[in-house]
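The structure under discussion appears below in the form of structure tokens.
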Amino acid sequence: PLTAQVNRDDCLEIGGCDISELTQKFGSPLYVLDEVTLRTACRQYRDAFKRYYPGESQVLYASKAWNCLAVCAIVGSEGLGIDIVSGGELYTALKAGLDPNKLYLHGNNKSLDELRLAIESGCTIVVDNWLELKTLATLTCDRQTPVRIMLRLTPGIECHTHEYIRTGHLDSKFGFDPNQVDELFEFVSQQSSLAFVGLHAHIGSQIFELQPHQDLGTVMVQWLSKAAQYGLTIQELNIGGGLGIRYSESDDPPSIDEWVKVVCESVAAACQEQNIPMPKLLSEPGRSLIGSACVTAYTIGGEKTVPGIRTYISVDGGMSDNPRPITYQSLYRAVVANRMSAPIATQVTIAGKHCESGDILIKDAQLPETRSGDILVVMATGAYNYSMSSNYNRLPRPAAVLVNAEEANVILQRETYEDLIRHDRLPERLKEG
Ligand code: LLP
């Protein structure tokens with residue numbers, strides 16, 4: 001899906017920009033985000049919902065995958081709304097000019113400040129638990145215009161993905177227990193300052209099966225129909241995100257089109273069966289919108305061979321710019337960007353530069369011969385890389401550039417050492433003299 005090609009110098013080009021030249025100009029490591037790929041994925045989602053769902057629909061970008069001004073602005077310009085999970089993400093989306101009517105605030109422990117910011121800005125609050133529901137009822141009791149809320153339920157649907165990124169099983173920290181829906185709907189129906197908009201659920205991330213999402217559609221519509229019995233008017237149904245992407249050769253996820261088709265058909269069929277009007281159907285993909293749209297370019301440094309065991313090749317970044325391998329044992333693919341047609345000649349382990357043995361980006365990567373100074377490009381780093389990055393070992397965060405039609409624009413400036421100590425304070429008594 002990347003707009004990638006190999007140029008006459010045998011170098012990888014994305015969005016018409018030579019990756020080696022980009023690292024010379026903007027430094028290394030470097031996140032390179034391909035605008036066309038991101039926009040194409042937005043359109044694929046939007047168009048598929050139009051094609052397969054007879055009612056209204058709205059795609060929200062789950063911005064936890066990568067939240068920054070430029071990304072918010074791009075998805076906003078494609079007509080998508082945004083799923084945000086904190087005051088910081090909300091602030092960024094608002095600053096990027098997003099319409100608050102298309103912003104949905106999630107989170108299992110929203111602070112009072114976050115709730116107030118959400119209420120003032122007019123975004124929809126996806127209520128996660130009883131404390132939050134009651135707090136909101138109190139916070140809004142004097143308001144003339146009710147605050148739009150959705151309720152997040154734990155659907156009790158299992159799926160096969162890493163334990164840390166499953167959210168739909170009953171033993172999850174997110175959402176209301178579905179055994180309490182009667183109490184919940186009863187309570188909500190009595191709150192005049194809270195406008196019930198609909199229900200939300202999300203079952204997990206990097207999911208390749210279609211069945212769990214099909215089941216989710218059916219289960220959610222049953223709850224909607226129950227809500228209607230309490231006089232709650234059903235407007236919206238949000239079935240979350242979760243569609244996986246291809247990281248390694250063996251990954252074979254369904255397409256966006258296939259996923260949307262299954263979701264739409266299951267919700268439409270369930271509505272017909274329950275004899276309820278079709279709600280506006282919301283989904284909130286993150287990874288499948290932006291994951292494949294970005295690569296990370298590193299510069300190769302030293303090499304170490306442990307005879308008979310393995311060869312390590314070190315790069316100038318690692319777990320601070322991509323914590324996914326060390327956190328979830330995630331697999332990635334890499335290429336040598338300045339020698340694209342060189343034949344595969346070796347199996348090496350790509351090590352990050354952090355003081356941590358587990359800081360390995362790719363184990364047993366198949367690569368051509370490499371030299372110090374070569375540019376190693378790790379593919380599909382758009383989701384949960386920058387957004388989960390850190391300053392571990394006081395590494396400044398890399399820059400990110402947006403590439404399109406041979407143009408590269410910085411969207412995140414490289415952090416400096418000065419940035420690293422910006423919030424440090426040295427108490428007077430620790431100062432010399
Ligand atoms: N909606 C909700 C309520 C979510 O919690 C998530 C992801 C999404 C939507 C978007 O899911 P996606 O389409 O991106 O799968 N850091 C982990 C992933 C955590 C996902 C958290 N929630 C990783 O790097 O794999």
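Every chain in the structure tokens takes a letter, A first, then B, and so on in the order presented; its residues are numbered from 1, and the ligands are numbered from 1 following the presented order.
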Hey, what's within 10 Å of stretch 123-133 of chain A if we count only C-alpha atoms and toss same-chain stuff fewer than 3 positions away? As a ChimeraX atom specification, please? /A:83-85,90,94,99-112,115,117-120,136-139,147-154,173-177,184,187-188,194-201,238
Excluding same-chain residues fewer than 2 positions from A:Leu367, what lies within 12 Å of it counting only C-alpha atoms, as a PyMOL selection string? chain A and resi 311+313+333-337+339-350+362-365+369-371+374+376-378
As a PyMOL selection string, which residues of stretch 238-411 of chain A does DSSP assign to strand (DSSP E or B)? chain A and resi 238+243+280-283+294-306+310-315+334-336+346-351+360-367+375-378+399-404+407-411
Among stretch 165-411 of chain A, which ones does DSSP assign to helix (DSSP H, G or I) (computed from the backbone)? Answer as a PyMOL selection string. chain A and resi 165+178-189+211-229+256-274+287-293+324-328+386-388+392-394
With only C-alpha atoms as the counted atoms, please give the residues lying no more than 10 Å from stretch 224-233 of chain A, apart from itself and same-chain residues fewer than 2 positions off, as number ranges by chain. A: 181-182, 184-190, 195-199, 219-222, 235-237, 270-271, 274-277, 279
Taking only C-alpha atoms and all ligand atoms into account, which residues have an atom no farther than 9 Å from ligand 1? I'd like them as a ChimeraX atom specification. /A:60-65,83-85,106-107,152,162,164-167,174,200-207,239-245,283-291,323-325,327-328,330,383-385,387-388
Output for the residues just chosen: N, CA and C atoms as a short mmCIF file (atom, residue, chain, number, x, y, z; two decimals), in the first residue's frame:
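out-v5.cif, written as the output of this step:
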```cif
data_model
loop_
_atom_site.label_atom_id
_atom_site.label_comp_id
_atom_site.auth_asym_id
_atom_site.auth_seq_id
_atom_site.Cartn_x
_atom_site.Cartn_y
_atom_site.Cartn_z
N LEU A 60 -14.20 7.13 12.62
CA LEU A 60 -13.37 7.93 13.53
C LEU A 60 -11.97 7.34 13.49
N TYR A 61 -10.96 8.19 13.49
CA TYR A 61 -9.58 7.70 13.55
C TYR A 61 -9.19 7.55 15.02
N ALA A 62 -8.76 6.36 15.41
CA ALA A 62 -8.32 6.14 16.79
C ALA A 62 -6.92 6.75 16.93
N SER A 63 -6.89 7.97 17.42
CA SER A 63 -5.64 8.74 17.32
C SER A 63 -4.57 8.30 18.30
N LYS A 64 -4.92 7.35 19.20
CA LYS A 64 -3.86 6.80 20.07
C LYS A 64 -2.78 6.16 19.20
N ALA A 65 -3.13 5.76 17.98
CA ALA A 65 -2.13 5.14 17.10
C ALA A 65 -1.03 6.15 16.74
N ASP A 83 -11.19 9.63 17.53
CA ASP A 83 -11.33 9.04 18.86
C ASP A 83 -10.13 9.49 19.67
N ILE A 84 -10.41 10.12 20.82
CA ILE A 84 -9.33 10.62 21.66
C ILE A 84 -9.46 9.98 23.05
N VAL A 85 -8.36 9.88 23.75
CA VAL A 85 -8.41 9.19 25.04
C VAL A 85 -7.83 10.01 26.18
N HIS A 106 -12.68 8.87 24.96
CA HIS A 106 -12.67 7.59 25.67
C HIS A 106 -11.83 7.69 26.93
N GLY A 107 -11.73 6.56 27.64
CA GLY A 107 -10.82 6.48 28.78
C GLY A 107 -11.52 5.90 29.98
N ARG A 152 -19.94 2.72 27.11
CA ARG A 152 -19.06 1.64 26.66
C ARG A 152 -19.37 0.37 27.42
N HIS A 162 -2.58 -10.49 21.11
CA HIS A 162 -1.73 -10.42 22.31
C HIS A 162 -2.56 -10.02 23.53
N TYR A 164 -2.08 -8.21 26.02
CA TYR A 164 -2.07 -6.81 26.42
C TYR A 164 -2.99 -5.94 25.58
N ILE A 165 -3.37 -6.41 24.40
CA ILE A 165 -4.18 -5.54 23.54
C ILE A 165 -5.57 -6.12 23.28
N ARG A 166 -5.98 -7.04 24.18
CA ARG A 166 -7.36 -7.52 24.14
C ARG A 166 -8.18 -6.67 25.08
N THR A 167 -9.36 -6.29 24.68
CA THR A 167 -10.15 -5.42 25.56
C THR A 167 -11.60 -5.88 25.69
N PHE A 174 -11.94 -2.11 30.89
CA PHE A 174 -12.75 -1.13 30.18
C PHE A 174 -14.23 -1.47 30.17
N HIS A 200 -21.08 1.81 22.71
CA HIS A 200 -19.75 1.59 22.15
C HIS A 200 -19.17 0.30 22.70
N ALA A 201 -18.39 -0.38 21.88
CA ALA A 201 -17.56 -1.49 22.37
C ALA A 201 -16.35 -1.62 21.46
N HIS A 202 -15.29 -2.15 22.03
CA HIS A 202 -14.06 -2.38 21.25
C HIS A 202 -13.49 -3.68 21.77
N ILE A 203 -13.16 -4.62 20.87
CA ILE A 203 -12.77 -5.94 21.38
C ILE A 203 -11.28 -6.20 21.41
N GLY A 204 -10.49 -5.36 20.78
CA GLY A 204 -9.04 -5.61 20.80
C GLY A 204 -8.40 -5.12 19.52
N SER A 205 -7.11 -5.38 19.41
CA SER A 205 -6.33 -4.77 18.34
C SER A 205 -5.51 -5.83 17.62
N GLN A 206 -5.11 -5.52 16.38
CA GLN A 206 -4.32 -6.44 15.54
C GLN A 206 -5.05 -7.79 15.43
N ILE A 207 -6.33 -7.71 15.04
CA ILE A 207 -7.18 -8.89 14.92
C ILE A 207 -7.32 -9.26 13.44
N ILE A 239 -18.69 0.37 16.89
CA ILE A 239 -18.19 -1.00 17.04
C ILE A 239 -16.66 -1.05 17.18
N GLY A 240 -16.03 0.08 17.49
CA GLY A 240 -14.60 0.09 17.80
C GLY A 240 -13.73 -0.11 16.57
N GLY A 241 -12.48 -0.47 16.84
CA GLY A 241 -11.52 -0.69 15.75
C GLY A 241 -10.98 -2.09 15.85
N GLY A 242 -9.75 -2.29 15.48
CA GLY A 242 -9.12 -3.57 15.74
C GLY A 242 -8.58 -4.34 14.56
N LEU A 243 -8.94 -3.93 13.33
CA LEU A 243 -8.45 -4.67 12.17
C LEU A 243 -6.92 -4.64 12.13
N GLY A 244 -6.32 -5.82 11.97
CA GLY A 244 -4.86 -5.94 11.98
C GLY A 244 -4.24 -5.57 10.64
N ILE A 245 -2.93 -5.40 10.65
CA ILE A 245 -2.20 -5.14 9.41
C ILE A 245 -1.06 -6.13 9.26
N SER A 283 -17.20 3.52 13.51
CA SER A 283 -16.10 2.60 13.78
C SER A 283 -14.88 3.45 14.09
N GLU A 284 -13.90 2.86 14.77
CA GLU A 284 -12.74 3.68 15.12
C GLU A 284 -11.43 2.93 14.92
N PRO A 285 -11.06 2.74 13.66
CA PRO A 285 -9.79 2.08 13.38
C PRO A 285 -8.61 3.00 13.62
N GLY A 286 -7.51 2.44 14.09
CA GLY A 286 -6.29 3.23 14.27
C GLY A 286 -5.19 2.62 13.40
N ARG A 287 -4.74 1.44 13.83
CA ARG A 287 -3.63 0.77 13.16
C ARG A 287 -3.84 0.61 11.65
N SER A 288 -5.06 0.15 11.27
CA SER A 288 -5.28 -0.14 9.84
C SER A 288 -5.39 1.13 9.01
N LEU A 289 -5.50 2.29 9.65
CA LEU A 289 -5.48 3.55 8.89
C LEU A 289 -4.05 4.04 8.69
N ILE A 290 -3.23 3.94 9.73
CA ILE A 290 -1.94 4.62 9.65
C ILE A 290 -0.72 3.69 9.73
N GLY A 291 -0.95 2.45 10.17
CA GLY A 291 0.19 1.56 10.41
C GLY A 291 1.11 1.39 9.22
N PRO A 323 8.68 0.90 20.75
CA PRO A 323 8.69 -0.01 21.90
C PRO A 323 7.88 -1.28 21.67
N ARG A 324 7.36 -1.49 20.47
CA ARG A 324 6.46 -2.64 20.27
C ARG A 324 7.18 -4.00 20.33
N PRO A 325 8.36 -4.14 19.74
CA PRO A 325 9.02 -5.46 19.84
C PRO A 325 9.29 -5.86 21.29
N THR A 327 7.78 -4.76 23.95
CA THR A 327 6.56 -4.84 24.75
C THR A 327 5.68 -6.03 24.36
N TYR A 328 5.53 -6.26 23.08
CA TYR A 328 4.59 -7.32 22.63
C TYR A 328 5.27 -8.40 21.80
N SER A 330 6.52 -7.95 19.01
CA SER A 330 5.99 -7.72 17.66
C SER A 330 7.07 -7.92 16.61
N ALA A 383 1.72 2.96 13.35
CA ALA A 383 0.81 2.84 14.50
C ALA A 383 1.57 2.48 15.77
N TYR A 384 1.29 3.22 16.82
CA TYR A 384 1.82 2.92 18.15
C TYR A 384 3.35 2.91 18.19
N ASN A 385 3.99 3.71 17.38
CA ASN A 385 5.44 3.88 17.47
C ASN A 385 5.71 5.26 18.05
N SER A 387 3.59 7.36 18.95
CA SER A 387 2.67 7.62 20.07
C SER A 387 3.09 6.93 21.36
N MET A 388 3.88 5.89 21.25
CA MET A 388 4.36 5.20 22.45
C MET A 388 5.86 5.44 22.67
#
```
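Distance annotation: of A:Gln144, A:Gly373, A:Asp257, A:Gly156, the residue with the minimal separation from A:Lys50 is A:Asp257; atom set is only C-alpha atoms.
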If we count only C-alpha atoms and set the cut-off at 8 Å, which residues sit around A:Tyr332, ignoring sequence neighbours fewer than 5 positions away in its own chain? Please answer as a ChimeraX atom specification. /A:247-248,361-362,378-380
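Using only C-alpha atoms, the contacts of A:Gly358 at a cut-off of 9 Å, with sequence neighbours closer than 5 positions omitted, comprise Met319, Pro325, Ile326, Ala351 and Gly352 of chain A.
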Writer output for current selection, C-alpha atoms, as a compact mmCIF listing (two decimals), in the first residue's frame:
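Everything below was put into result00.txt:
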```
# COMPACT_ATOMS: atom_id res chain seq x y z
CA MET A 319 12.93 0.76 21.89
CA PRO A 325 9.02 -5.46 19.84
CA ILE A 326 10.11 -5.33 23.48
CA ALA A 351 19.73 -4.21 17.82
CA GLY A 352 18.67 -0.83 19.11
```
For atom CA of A:Ser320 and atom CA of A:Tyr392, determine how far apart the two atoms are, in Å to one decimal place. 5.8 Å
Hey, can you check how far atom CA of A:Arg394 sits from atom CA of A:Ser314?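 Result for atom CA of A:Arg394 versus atom CA of A:Ser314: 17.8 Å, one decimal.
Our summary of the geometry notes that atom CA of A:Asp18 is positioned 27.4 Å from atom CA of A:Asp251.
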Between A:Thr299, A:Gln366, A:Asn404, A:Ser86, which one has atoms that come closest to A:Pro29, using only C-alpha atoms? A:Thr299
Got a sec: who's within 12 Å of A:Ile421, counting only C-alpha atoms, leaving out chain neighbours fewer than 4 positions off, as JSON, numbers by chain? {"A": [391, 394, 395, 396, 415, 416, 417, 425, 426]}
Keeping only C-alpha atoms, write the selected residues as a tab-separated table (two decimals), in the first residue's frame.
```
chain	number	residue	atom	x	y	z
A	391	ASN	CA	13.13	9.47	25.97
A	394	ARG	CA	17.65	10.50	27.22
A	395	LEU	CA	17.44	9.96	23.51
A	396	PRO	CA	15.72	12.88	21.81
A	415	GLU	CA	13.92	16.86	19.83
A	416	THR	CA	17.10	18.54	21.00
A	417	TYR	CA	19.17	18.09	24.16
A	425	ARG	CA	14.64	21.98	37.68
A	426	LEU	CA	17.78	22.18	39.78
```
